[in-house]
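S.K.: Can you keep this structure in mind? I'll have questions shortly.
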Amino acid sequence: MSAKEQIAKIISDATGEDRKICMKTLEMAEEGKGDIASKIGFILAKKMKMSPAQAAQEIEGTLEPHEWVEKTEATGPYLNFFLSNAFYQEAVRKINALGNNYGRGNANRKTIVESPSVNPNKPWHIGHLRNALLGDASANILEFHGDNVQRMDYIDDLGLQVAQSLWGYLNLDEKDRPQFLGEEKPDHWIGAEYVKVAEKIEREPLVKQSVKGILREMENGGNKTAEKARWLAEECIKAQYETAFAYGVYHDVLICESDIMREIFSEGMESLKGSGAVEHEKSGKNEGCWVARMSGKMRGMTEPDKILIRSNGTATYTGKDVIFHLWKFGKLKGDFRYGEFVLQPNEEKAYISKARGIEREYGNADVLVNIIGVEQKYPQEVVRHLLDLLGYEKEAKKFIHLSYEHAWLPEAKFSGRKGTWLGYTADELLEEGKKRALDKVKKELTGNVREEIAGQVAVGAIRYAFLKIAPEKKLVFKWNEVLSLEGDSGPYLQYACVRAKRILEKAGMEREPEPPLKYEFNETEKKLIKELSEFPLVAGQAAEKLRPHMISGYIYGLANTFSKFYTTNPVLKAETENKKEMRLAMVAAFRDVLSIGLGILGVPVPKKM
RNA sequence: GCCCUCAUAGUCUAGCCUGGACAGGACACGAGCUUGCGGAGCUUGGAACCUGGGUUCGAAUCCCAGUGAGGGCACCA
């Protein structure tokens, strides 16, 4: 039980009020006013027929003593609790004992996190990167919460964009081909070709016809063109995944749209049609289409109804997506087969859906998290609404669209279609970051070691910059802020962690910390321990709310507190052996909690820097 | 037309769900300390809730109406 939970119990016992309500009245007290404050006076004033201040007084008199509470004070309407040495002692012991498992939950749900689902015909730009990092951090948070997470990537290998890229691959003249063909990563040249083709289509209607022909063959499947398209898409994804790996992003499974069409689409469609959840339009402008009636949900829109099956019998993106989500929730009999796609640097294999392959256990989840841009809110709402209409109300509630705003560099905005992504890819961002990080690394370090550490600093800086701000905020990426070693940045936190580790190393890190059994904590020490003991609550909330930036905010505050502790409380040179032992235990606790937090954000911790 | 986000100091941002003690933090700016357990540190000063109503003992937070910025309302994805 945490200090807050313990105090909530004490108040609850004294007042008879629900423990959860008591919990909500608690917050960290202000400096000098105690450690944990309760605003219970406000809550119970009416019931007790007295002023909030009187109520607080009254309650204060009836509190049972507890070994973790040194004293209590009613200050105005607030009830302030001062924590005892016994609490701090126990808190340090507990973190030392649990180490990397401190704060870990046991939610034990099956959860799918889908991200980033980038079209397989271009390199990642920084918008895709924001998606991938949010997905990765969310998956980490949920795993720490105790969920069994499937990191899933949806691949739209049947899209017009792939058809255009394939046309370019097969037909572009030498002079029209991007100059760097063969030198760049495949995702880069496929993307550059796509831009060329898109331009050509504007001018030449014949090209447009030809691309449409390719698309038709891809959709029909079972032919050379479809095979070629799939091959091109996979080449592109493999290249995109090199970017992913460089940023420390990994996946468990990739599901391709072509496999959705072959394996589960017709079954899903039949169950949709049979359920009455979708309607076949007999007249009007949508005549012959199967539509999801959204007018009840989205009043006043010009076209609230969403077409799932076109009048020519083919499915729209949303139509396929609804069926895909039925599968994710384990509501279909059909299933995919899988093959190994790539062995990732974390030594985990990523699997990909394919026509002939082995069976694997994916899908069948309790909770779905889709990391998708805010501009797709409406189609995501359609999917949820249909789940509801199909009678899966529980599932609809556990269908989470984690939407995020655009990210860009101050210089320009991105438009994949127009090709202005050139110069703003995730690869180029990391290269630039490495270059800039290089002279921030300790001078004594040279050669490969220096390069490696610069890489870790760059990844940490970029990941932290993306993950420290709320996803619904627009994000402008500014190098001088991102790589600043002062203030709220990845490198600052990396440094704090390195520094703590170094102290422990010097003290002989092999052994477990052995905090003394009796100890008088000073105010700075108390502050650090109190903050450390907040971590399980923060981690739990970040998971429930799916807000990765809660983790970054917390560890940044924690690192600041540690810095204050560090400057005024010598560890290795502590006045007494007793103090040294306790402070070492505290440094170890700090290192563990900070490492967990950085691990969740995917910020690597260099050995030195 | 309708729907959805966002709006906090010179700049960036947390808090809003679940209303309470002087709105937290960073960068920049001012003053001081620190030659170290490893340079990013510490102490300290000035500086902000878009507007107008409402609910409440109490509103950055909830409700209503505006304003500004962005996004959505395809047989595109």
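In the structure tokens, chains take letters A, B, ... by order of appearance, with residues numbered from 1 within each chain and ligands from 1 in the order shown.
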Taking only C-alpha atoms (C1' of nucleotides) into account and nothing else, which residues of chain A lie no more than 8 Å away from chain B? Please answer as a PyMOL selection string.

M.R.: chain A and resi 24+39+42+78+159+286+289+298-304+307+309-311+316-317+374-378+469+472-473+481+485-488+492+495+499+503+553+563-564+567+570-573

S.K.: Which polymer residues have any atom within 12 Å of an atom of A59 in chain B, counting only C-alpha atoms (C1' of nucleotides), with same-chain residues fewer than 5 positions away left out, as a compact mmCIF listing (two decimals) with N, CA, C and O atoms (P, O5', C5', C4', C3', O3' and C1' of nucleotides), in the first residue's frame?

M.R.:
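Below is the file that was written, out34.txt:
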# COMPACT_ATOMS: atom_id res chain seq x y z
P C B 16 -5.82 17.27 -15.01
O5' C B 16 -6.95 18.32 -15.41
C5' C B 16 -7.68 19.02 -14.42
C4' C B 16 -8.84 19.74 -15.05
C3' C B 16 -9.75 18.85 -15.87
O3' C B 16 -11.10 19.25 -15.67
C1' C B 16 -8.83 20.56 -17.25
P G B 19 -14.50 17.75 -9.64
O5' G B 19 -13.47 18.96 -9.59
C5' G B 19 -12.82 19.42 -10.75
C4' G B 19 -12.30 20.79 -10.47
C3' G B 19 -11.67 20.94 -9.09
O3' G B 19 -10.60 21.86 -9.20
C1' G B 19 -13.58 22.34 -9.26
P G B 20 -9.31 21.69 -8.33
O5' G B 20 -9.48 22.84 -7.28
C5' G B 20 -8.46 22.99 -6.32
C4' G B 20 -8.88 24.03 -5.33
C3' G B 20 -8.04 23.98 -4.05
O3' G B 20 -7.45 25.23 -3.85
C1' G B 20 -10.39 23.98 -3.57
P C B 49 -3.54 36.34 -17.19
O5' C B 49 -4.02 34.82 -17.18
C5' C B 49 -5.20 34.42 -17.89
C4' C B 49 -4.94 33.10 -18.55
C3' C B 49 -6.18 32.41 -19.10
O3' C B 49 -5.79 31.69 -20.28
C1' C B 49 -5.19 31.04 -17.47
P G B 54 -23.42 36.44 -14.62
O5' G B 54 -23.84 34.93 -14.49
C5' G B 54 -25.14 34.52 -14.94
C4' G B 54 -25.18 33.06 -15.20
C3' G B 54 -24.93 32.17 -13.99
O3' G B 54 -26.06 32.10 -13.14
C1' G B 54 -23.77 31.31 -15.86

S.K.: In terms of the shortest atom-to-atom distance over only C-alpha atoms, which of A:Val322, A:Ala396, A:Ala37, A:Met550 is closest to Ala3 in chain A?

M.R.: A:Ala37

S.K.: Enumerate, as a ChimeraX atom specification, the complete set of residues in range 61-123 of chain A that a backbone-based DSSP assignment places in alpha helix (DSSP H).

M.R.: /A:61-62,85-98

S.K.: What's the separation between CA of Ile462 in chain A and CA of Val482 in chain A, in Å to one decimal place?

M.R.: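 According to the coordinates, CA of Ile462 in chain A and CA of Val482 in chain A are separated by 6.6 Å.
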
S.K.: Mind giving me the straight-line distance from CA of Ser117 in chain A to CA of Arg293 in chain A in Å, one decimal?

M.R.: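 Interatomic distance, CA of Ser117 in chain A to CA of Arg293 in chain A: 26.9 Å.
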
S.K.: Which residues are near range 4-21 of chain A? Cut-off 12 Å, only C-alpha atoms (C1' of nucleotides), ignore same chain within fewer than 4 positions. Put them as a PyMOL selection string.

M.R.: (chain A and resi 25-29+35-41+43-45+47-48+55-56+58-72+79-83+87+530-531+533-537) or (chain B and resi 18)

S.K.: Work out how far CA of Ala589 in chain A is from CA of Glu505 in chain A, in Å to one decimal.

M.R.: 14.1 Å

S.K.: Check the DSSP output for the backbone and give back, as a ChimeraX atom specification, the residues of range 23-194 of chain A in strand (DSSP E or B).

M.R.: /A:26-28,36-38,69-75,78-83,110-114,125,148-155

S.K.: Leaving out range 225-241 of chain A and any residue of its chain fewer than 6 positions from it, which residues lie within 6 Å of it when counting only C-alpha atoms (C1' of nucleotides), given as a PyMOL selection string?

M.R.: chain A and resi 120+123+186-187+218

S.K.: For Ser115 in chain A, please output as a list in words all residues within 8 Å (counting only C-alpha atoms (C1' of nucleotides); exclusion window: fewer than 6 positions along the same chain).

M.R.: Asn131, Ala132, Gly135, Asp136, Arg151, Met152, Asp153, Tyr154, Asn370, Ile371 and Ile372 of chain A
